[in-house]
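Participant: Data: input-v3.csv, CSV, C-alpha atoms.
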```
chain,number,residue,atom,x,y,z
A,237,MET,CA,-4.8,13.1,-4.1
A,238,SER,CA,-2.9,16.3,-3.4
A,239,TRP,CA,0.5,17.5,-4.4
A,240,ILE,CA,2.2,15.8,-1.5
A,241,ASP,CA,1.0,12.4,-2.6
A,242,TYR,CA,2.8,12.8,-5.9
A,243,VAL,CA,5.9,13.9,-4.0
A,244,LEU,CA,5.7,10.8,-1.8
A,245,ILE,CA,5.2,8.5,-4.8
A,246,GLY,CA,8.2,10.0,-6.5
A,247,LEU,CA,10.2,9.8,-3.4
A,248,TRP,CA,9.3,6.1,-2.9
A,249,LEU,CA,10.2,5.2,-6.5
A,250,VAL,CA,13.6,7.1,-6.4
A,251,VAL,CA,14.7,5.8,-3.0
A,252,VAL,CA,13.6,2.2,-3.6
A,253,THR,CA,15.5,2.2,-6.9
A,254,ILE,CA,18.6,3.6,-5.3
A,255,GLN,CA,18.5,1.4,-2.3
A,256,SER,CA,17.9,-1.8,-4.3
A,257,ARG,CA,21.3,-1.2,-5.9
A,258,ARG,CA,23.0,-0.5,-2.6
A,259,GLY,CA,22.0,-3.7,-0.8
A,260,PHE,CA,21.0,-4.8,2.6
A,261,LEU,CA,23.6,-3.5,5.0
A,262,GLN,CA,24.0,-0.1,3.4
A,263,SER,CA,20.2,0.3,3.2
A,264,ALA,CA,19.9,-0.7,6.9
A,265,LEU,CA,22.5,1.9,7.9
A,266,ASP,CA,20.8,4.6,5.8
A,267,LEU,CA,17.5,3.7,7.5
A,268,VAL,CA,19.1,4.0,11.0
A,269,ALA,CA,20.6,7.4,9.9
A,270,ALA,CA,17.1,8.6,8.8
A,271,PHE,CA,15.6,7.6,12.2
A,272,VAL,CA,18.4,9.3,14.1
A,273,ALA,CA,18.1,12.4,12.0
A,274,TYR,CA,14.4,12.5,12.5
A,275,GLY,CA,14.9,12.2,16.3
A,276,ILE,CA,17.5,14.9,16.4
A,277,THR,CA,15.3,17.2,14.3
A,278,ARG,CA,12.3,16.7,16.5
A,279,GLY,CA,14.5,17.7,19.5
A,280,VAL,CA,16.2,20.6,17.8
A,281,ALA,CA,13.5,22.0,15.6
A,282,GLY,CA,10.3,20.9,17.3
A,283,ASN,CA,8.9,24.4,17.8
A,284,MET,CA,10.4,25.9,14.6
A,285,GLU,CA,7.7,27.5,12.5
A,286,GLY,CA,7.6,26.8,8.8
A,287,MET,CA,8.5,23.8,6.8
A,288,GLY,CA,11.8,25.0,5.3
A,289,GLY,CA,13.9,25.4,8.4
A,290,THR,CA,12.8,22.1,9.8
A,291,LEU,CA,13.5,20.2,6.6
A,292,ALA,CA,16.9,22.0,6.3
A,293,VAL,CA,17.8,20.7,9.8
A,294,PHE,CA,16.7,17.2,9.0
A,295,PHE,CA,18.5,17.0,5.6
A,296,LEU,CA,21.7,18.5,7.0
A,297,VAL,CA,21.8,16.0,9.9
A,298,PHE,CA,20.7,13.2,7.6
A,299,ALA,CA,23.4,14.0,5.0
A,300,GLY,CA,26.1,13.9,7.7
A,301,LEU,CA,24.8,10.6,9.0
A,302,LEU,CA,24.7,9.2,5.4
A,303,VAL,CA,28.4,10.0,5.0
A,304,ALA,CA,29.1,8.2,8.3
A,305,SER,CA,27.0,5.2,7.2
A,306,TYR,CA,29.0,5.1,4.0
A,307,TYR,CA,32.3,4.8,5.9
A,308,VAL,CA,30.8,2.3,8.3
A,309,TYR,CA,29.6,0.1,5.4
A,310,ASN,CA,33.0,0.2,3.7
A,311,LEU,CA,34.6,-1.0,6.9
A,312,THR,CA,32.5,-4.2,6.8
A,313,ALA,CA,32.4,-7.0,4.3
A,314,PHE,CA,28.9,-8.3,5.3
A,315,THR,CA,26.4,-9.0,2.5
A,316,ILE,CA,23.6,-11.5,1.8
A,317,GLU,CA,24.2,-11.6,-1.9
A,318,ALA,CA,21.2,-13.6,-3.1
A,319,TYR,CA,18.7,-11.3,-1.4
A,320,ASP,CA,20.8,-8.1,-1.3
A,321,ALA,CA,18.8,-6.2,-3.9
A,322,LEU,CA,15.4,-7.3,-2.5
A,323,LEU,CA,16.3,-6.4,1.1
A,324,GLY,CA,17.8,-3.1,-0.1
A,325,ALA,CA,14.5,-2.2,-1.9
A,326,ILE,CA,12.5,-3.1,1.2
A,327,LEU,CA,14.7,-1.0,3.4
A,328,GLY,CA,14.7,1.7,0.8
A,329,PHE,CA,10.9,1.9,1.0
A,330,ALA,CA,11.1,2.2,4.8
A,331,LEU,CA,13.7,4.9,4.3
A,332,ALA,CA,11.4,6.8,1.9
A,333,CYS,CA,8.6,6.5,4.5
A,334,VAL,CA,10.8,8.0,7.2
A,335,ILE,CA,11.7,10.9,4.8
A,336,GLY,CA,8.0,11.3,3.8
A,337,TRP,CA,7.0,11.3,7.5
A,338,MET,CA,9.6,14.0,8.1
A,339,ILE,CA,8.2,16.1,5.2
A,340,TYR,CA,4.7,15.7,6.6
A,341,TRP,CA,5.8,16.6,10.2
A,342,ALA,CA,7.7,19.6,9.1
A,343,GLY,CA,4.7,20.9,7.2
A,344,ASP,CA,2.2,20.3,9.9
A,345,PRO,CA,1.7,23.5,12.0
A,346,THR,CA,-0.1,21.6,14.7
A,347,ARG,CA,3.3,20.9,16.3
A,348,TYR,CA,3.5,24.6,17.3
A,349,GLY,CA,-0.2,25.3,17.9
A,350,GLY,CA,-1.5,26.0,14.3
A,351,ALA,CA,-4.3,24.4,12.4
A,352,THR,CA,-3.8,21.4,10.1
A,353,PRO,CA,-3.5,22.6,6.5
A,354,ASP,CA,-5.8,21.3,3.7
A,355,TRP,CA,-2.9,19.7,1.8
A,356,ILE,CA,-2.5,17.3,4.7
A,357,LEU,CA,-6.2,16.6,5.2
A,358,ASP,CA,-6.7,16.1,1.4
A,359,SER,CA,-3.8,13.8,1.0
A,360,THR,CA,-4.4,10.0,0.9
A,361,PHE,CA,-0.9,9.0,2.1
A,362,VAL,CA,-0.2,11.9,4.5
A,363,ASN,CA,-3.7,11.4,6.0
A,364,GLY,CA,-2.7,7.8,6.7
A,365,PHE,CA,0.4,9.1,8.5
A,366,TYR,CA,-1.6,11.7,10.3
A,367,HIS,CA,-4.2,9.3,11.7
A,368,TYR,CA,-1.7,6.3,12.0
A,369,GLU,CA,-4.1,4.3,9.8
A,370,TRP,CA,-1.3,2.1,8.4
A,371,TRP,CA,-0.1,1.3,11.9
A,372,ARG,CA,-3.5,0.4,13.1
A,373,ASN,CA,-4.0,-1.9,10.0
A,374,PHE,CA,-0.6,-3.5,10.6
A,375,LEU,CA,-1.5,-4.1,14.3
A,376,ALA,CA,-4.9,-5.6,13.3
A,377,PHE,CA,-3.1,-7.8,10.8
A,378,MET,CA,-0.5,-9.0,13.4
A,379,GLN,CA,-3.2,-9.6,15.9
A,380,GLY,CA,-5.1,-11.7,13.3
A,381,ILE,CA,-2.1,-13.8,12.7
A,382,GLY,CA,-1.9,-14.7,16.4
A,383,GLU,CA,-5.5,-15.6,16.9
A,384,TYR,CA,-6.6,-19.2,16.7
A,385,ASP,CA,-10.0,-20.4,15.6
```
Can the structure from this file be put into structure tokens for me?
Facilitator:
Amino acid sequence: MSWIDYVLIGLWLVVVTIQSRRGFLQSALDLVAAFVAYGITRGVAGNMEGMGGTLAVFFLVFAGLLVASYYVYNLTAFTIEAYDALLGAILGFALACVIGWMIYWAGDPTRYGGATPDWILDSTFVNGFYHYEWWRNFLAFMQGIGEYD
């Protein structure tokens, strides 16, 4: 495992803990904010060299959207109290994955024609992102559910 794996594990633990306390709707709004921030960053900073500027754009947009999601959440009274913490933790893990993907994408110079760095190729988790291994495993699992013997 490389240094980025430890960053991702720490990120997952922190975000899952925070989101489990926030509940379902707030976690869902935060996850949507992360996806929108990721999309905006890809459009704005897609050819930006270096990791720092790209992550700065992402976290700036993400912070603004988190503030917006906070106010949207406070305007609603929707909650599923019995499962709120569990759903918040699940969506928190998904949120941490989006942030982790953004960190990987920002640090991968192949987006502007460079070579893939060793810290990506040596990483267990980022390598899974890089080759879409988790997505392929998920699709194989879903296909197996639909098959009849």
Participant: Could you tell me, as a PyMOL selection string, which residues have any atom at most 12 Å from (9.4, 17.4, 5.7), counting all atoms listed in the file?
Facilitator: chain A and resi 240+243-244+247+273-274+277-278+281+286-295+332-345+356+362
Participant: Mind giving me the straight-line distance from CA of Leu261 (chain A) to CA of Gly324 (chain A) in Å, one decimal?
Facilitator: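 One can read the CA of Leu261 (chain A) to CA of Gly324 (chain A) distance as 7.7 Å.
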Participant: Near Gln255 (chain A), counting all atoms listed in the file, which residues have an atom at most 7 Å away, once you skip same-chain residues fewer than 4 positions from it, shown as a ChimeraX atom specification?
Facilitator: /A:251,259,263,324-325,328
Participant: I need the residues from that last selection saved to file as an mmCIF file, in the frame of the given file (with C-alpha atoms), if you can.
Facilitator:
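Saved the output as again_35.cif:
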```cif
data_model
loop_
_atom_site.group_PDB
_atom_site.id
_atom_site.type_symbol
_atom_site.label_atom_id
_atom_site.label_comp_id
_atom_site.auth_asym_id
_atom_site.auth_seq_id
_atom_site.Cartn_x
_atom_site.Cartn_y
_atom_site.Cartn_z
ATOM 1 C CA VAL A 251 14.700 5.800 -3.000
ATOM 2 C CA GLY A 259 22.000 -3.700 -0.800
ATOM 3 C CA SER A 263 20.200 0.300 3.200
ATOM 4 C CA GLY A 324 17.800 -3.100 -0.100
ATOM 5 C CA ALA A 325 14.500 -2.200 -1.900
ATOM 6 C CA GLY A 328 14.700 1.700 0.800
#
```
Participant: Could you check how far CA of Leu331 (chain A) sits from CA of Leu267 (chain A), in Å to one decimal?
Facilitator: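 CA of Leu267 (chain A) lies at a distance of 5.1 Å from CA of Leu331 (chain A).
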Participant: Pick the closest to Gly350 (chain A) from A:Asn283, A:Trp248, A:Met237, A:Ala264: which is it, counting all atoms listed in the file?
Facilitator: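 That would be A:Asn283, the residue with the smallest distance to Gly350 (chain A).
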Participant: Give me, please, the distance in Å between CA of Ala330 (chain A) and CA of Arg372 (chain A), quoted to one decimal.
Facilitator: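 Answer for the CA of Ala330 (chain A) to CA of Arg372 (chain A) separation: 16.9 Å.
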Participant: Name all residues at most 12 Å from Gly349 (chain A) (count all atoms listed in the file; drop same-chain ones fewer than 2 positions away) and give them as a PyMOL selection string.
Facilitator: chain A and resi 282-285+344-347+351-352
Participant: Measuring atom to atom with only C-alpha atoms, identify which of A:Asn310, A:Ser238, A:Asn363, A:Gln379 is nearest to Leu265 (chain A).
Facilitator: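 Ranking A:Asn310, A:Ser238, A:Asn363, A:Gln379 by distance to Leu265 (chain A), first place goes to A:Asn310.
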Participant: With all atoms listed in the file as the atoms that count, which of A:Asp266, A:Trp355, A:Ile326, A:Ile254 lies nearest to Ala299 (chain A)?
Facilitator: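 For Ala299 (chain A), the nearest of the given residues is A:Asp266.
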Participant: Check the smallest atom-to-atom distance from each of A:Trp370, A:Leu302, A:Val280, A:Phe377 to Gln262 (chain A) using all atoms listed in the file, then report the winner.
Facilitator: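 Closest to Gln262 (chain A), using all atoms listed in the file: A:Leu302.
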Participant: Please rebuild region 277-301 of chain A with N, CA and C atoms and give the result as a PDB file, in the frame of the given file.
Facilitator:
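So part.pdb came out as:
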```pdb
ATOM      1  N   THR A 277      16.085  16.059  14.768  1.00  0.00           N
ATOM      2  CA  THR A 277      15.300  17.200  14.300  1.00  0.00           C
ATOM      3  C   THR A 277      14.115  17.483  15.158  1.00  0.00           C
ATOM      4  N   ARG A 278      13.445  16.458  15.622  1.00  0.00           N
ATOM      5  CA  ARG A 278      12.300  16.700  16.500  1.00  0.00           C
ATOM      6  C   ARG A 278      12.771  17.396  17.799  1.00  0.00           C
ATOM      7  N   GLY A 279      13.947  17.040  18.291  1.00  0.00           N
ATOM      8  CA  GLY A 279      14.500  17.700  19.500  1.00  0.00           C
ATOM      9  C   GLY A 279      14.936  19.096  19.258  1.00  0.00           C
ATOM     10  N   VAL A 280      15.581  19.331  18.125  1.00  0.00           N
ATOM     11  CA  VAL A 280      16.200  20.600  17.800  1.00  0.00           C
ATOM     12  C   VAL A 280      15.160  21.613  17.245  1.00  0.00           C
ATOM     13  N   ALA A 281      14.324  21.130  16.317  1.00  0.00           N
ATOM     14  CA  ALA A 281      13.500  22.000  15.600  1.00  0.00           C
ATOM     15  C   ALA A 281      11.975  21.786  15.824  1.00  0.00           C
ATOM     16  N   GLY A 282      11.642  21.201  16.971  1.00  0.00           N
ATOM     17  CA  GLY A 282      10.300  20.900  17.300  1.00  0.00           C
ATOM     18  C   GLY A 282       9.301  22.025  17.268  1.00  0.00           C
ATOM     19  N   ASN A 283       9.744  23.197  17.707  1.00  0.00           N
ATOM     20  CA  ASN A 283       8.900  24.400  17.800  1.00  0.00           C
ATOM     21  C   ASN A 283       9.177  25.380  16.674  1.00  0.00           C
ATOM     22  N   MET A 284      10.006  25.006  15.723  1.00  0.00           N
ATOM     23  CA  MET A 284      10.400  25.900  14.600  1.00  0.00           C
ATOM     24  C   MET A 284       9.203  26.080  13.682  1.00  0.00           C
ATOM     25  N   GLU A 285       8.798  27.299  13.434  1.00  0.00           N
ATOM     26  CA  GLU A 285       7.700  27.500  12.500  1.00  0.00           C
ATOM     27  C   GLU A 285       8.157  27.409  11.084  1.00  0.00           C
ATOM     28  N   GLY A 286       7.253  26.983  10.237  1.00  0.00           N
ATOM     29  CA  GLY A 286       7.600  26.800   8.800  1.00  0.00           C
ATOM     30  C   GLY A 286       8.180  25.484   8.513  1.00  0.00           C
ATOM     31  N   MET A 287       8.076  25.119   7.261  1.00  0.00           N
ATOM     32  CA  MET A 287       8.500  23.800   6.800  1.00  0.00           C
ATOM     33  C   MET A 287      10.000  23.833   6.401  1.00  0.00           C
ATOM     34  N   GLY A 288      10.442  24.943   5.830  1.00  0.00           N
ATOM     35  CA  GLY A 288      11.800  25.000   5.300  1.00  0.00           C
ATOM     36  C   GLY A 288      12.899  24.812   6.257  1.00  0.00           C
ATOM     37  N   GLY A 289      12.843  25.514   7.379  1.00  0.00           N
ATOM     38  CA  GLY A 289      13.900  25.400   8.400  1.00  0.00           C
ATOM     39  C   GLY A 289      13.978  24.015   8.981  1.00  0.00           C
ATOM     40  N   THR A 290      12.819  23.438   9.262  1.00  0.00           N
ATOM     41  CA  THR A 290      12.800  22.100   9.800  1.00  0.00           C
ATOM     42  C   THR A 290      13.348  21.076   8.889  1.00  0.00           C
ATOM     43  N   LEU A 291      12.962  21.155   7.617  1.00  0.00           N
ATOM     44  CA  LEU A 291      13.500  20.200   6.600  1.00  0.00           C
ATOM     45  C   LEU A 291      14.990  20.443   6.421  1.00  0.00           C
ATOM     46  N   ALA A 292      15.439  21.701   6.489  1.00  0.00           N
ATOM     47  CA  ALA A 292      16.900  22.000   6.300  1.00  0.00           C
ATOM     48  C   ALA A 292      17.663  21.315   7.457  1.00  0.00           C
ATOM     49  N   VAL A 293      17.160  21.403   8.691  1.00  0.00           N
ATOM     50  CA  VAL A 293      17.800  20.700   9.800  1.00  0.00           C
ATOM     51  C   VAL A 293      17.874  19.244   9.589  1.00  0.00           C
ATOM     52  N   PHE A 294      16.726  18.656   9.198  1.00  0.00           N
ATOM     53  CA  PHE A 294      16.700  17.200   9.000  1.00  0.00           C
ATOM     54  C   PHE A 294      17.661  16.774   7.905  1.00  0.00           C
ATOM     55  N   PHE A 295      17.625  17.422   6.746  1.00  0.00           N
ATOM     56  CA  PHE A 295      18.500  17.000   5.600  1.00  0.00           C
ATOM     57  C   PHE A 295      19.951  17.243   5.914  1.00  0.00           C
ATOM     58  N   LEU A 296      20.268  18.264   6.675  1.00  0.00           N
ATOM     59  CA  LEU A 296      21.700  18.500   7.000  1.00  0.00           C
ATOM     60  C   LEU A 296      22.174  17.404   7.958  1.00  0.00           C
ATOM     61  N   VAL A 297      21.404  17.073   8.990  1.00  0.00           N
ATOM     62  CA  VAL A 297      21.800  16.000   9.900  1.00  0.00           C
ATOM     63  C   VAL A 297      21.816  14.659   9.155  1.00  0.00           C
ATOM     64  N   PHE A 298      20.804  14.418   8.323  1.00  0.00           N
ATOM     65  CA  PHE A 298      20.700  13.200   7.600  1.00  0.00           C
ATOM     66  C   PHE A 298      21.894  13.010   6.618  1.00  0.00           C
ATOM     67  N   ALA A 299      22.287  14.090   5.948  1.00  0.00           N
ATOM     68  CA  ALA A 299      23.400  14.000   5.000  1.00  0.00           C
ATOM     69  C   ALA A 299      24.707  13.653   5.786  1.00  0.00           C
ATOM     70  N   GLY A 300      24.917  14.248   6.945  1.00  0.00           N
ATOM     71  CA  GLY A 300      26.100  13.900   7.700  1.00  0.00           C
ATOM     72  C   GLY A 300      26.085  12.459   8.179  1.00  0.00           C
ATOM     73  N   LEU A 301      24.917  11.965   8.567  1.00  0.00           N
ATOM     74  CA  LEU A 301      24.800  10.600   9.000  1.00  0.00           C
ATOM     75  C   LEU A 301      24.952   9.605   7.807  1.00  0.00           C
TER      76      LEU A 301
END
```
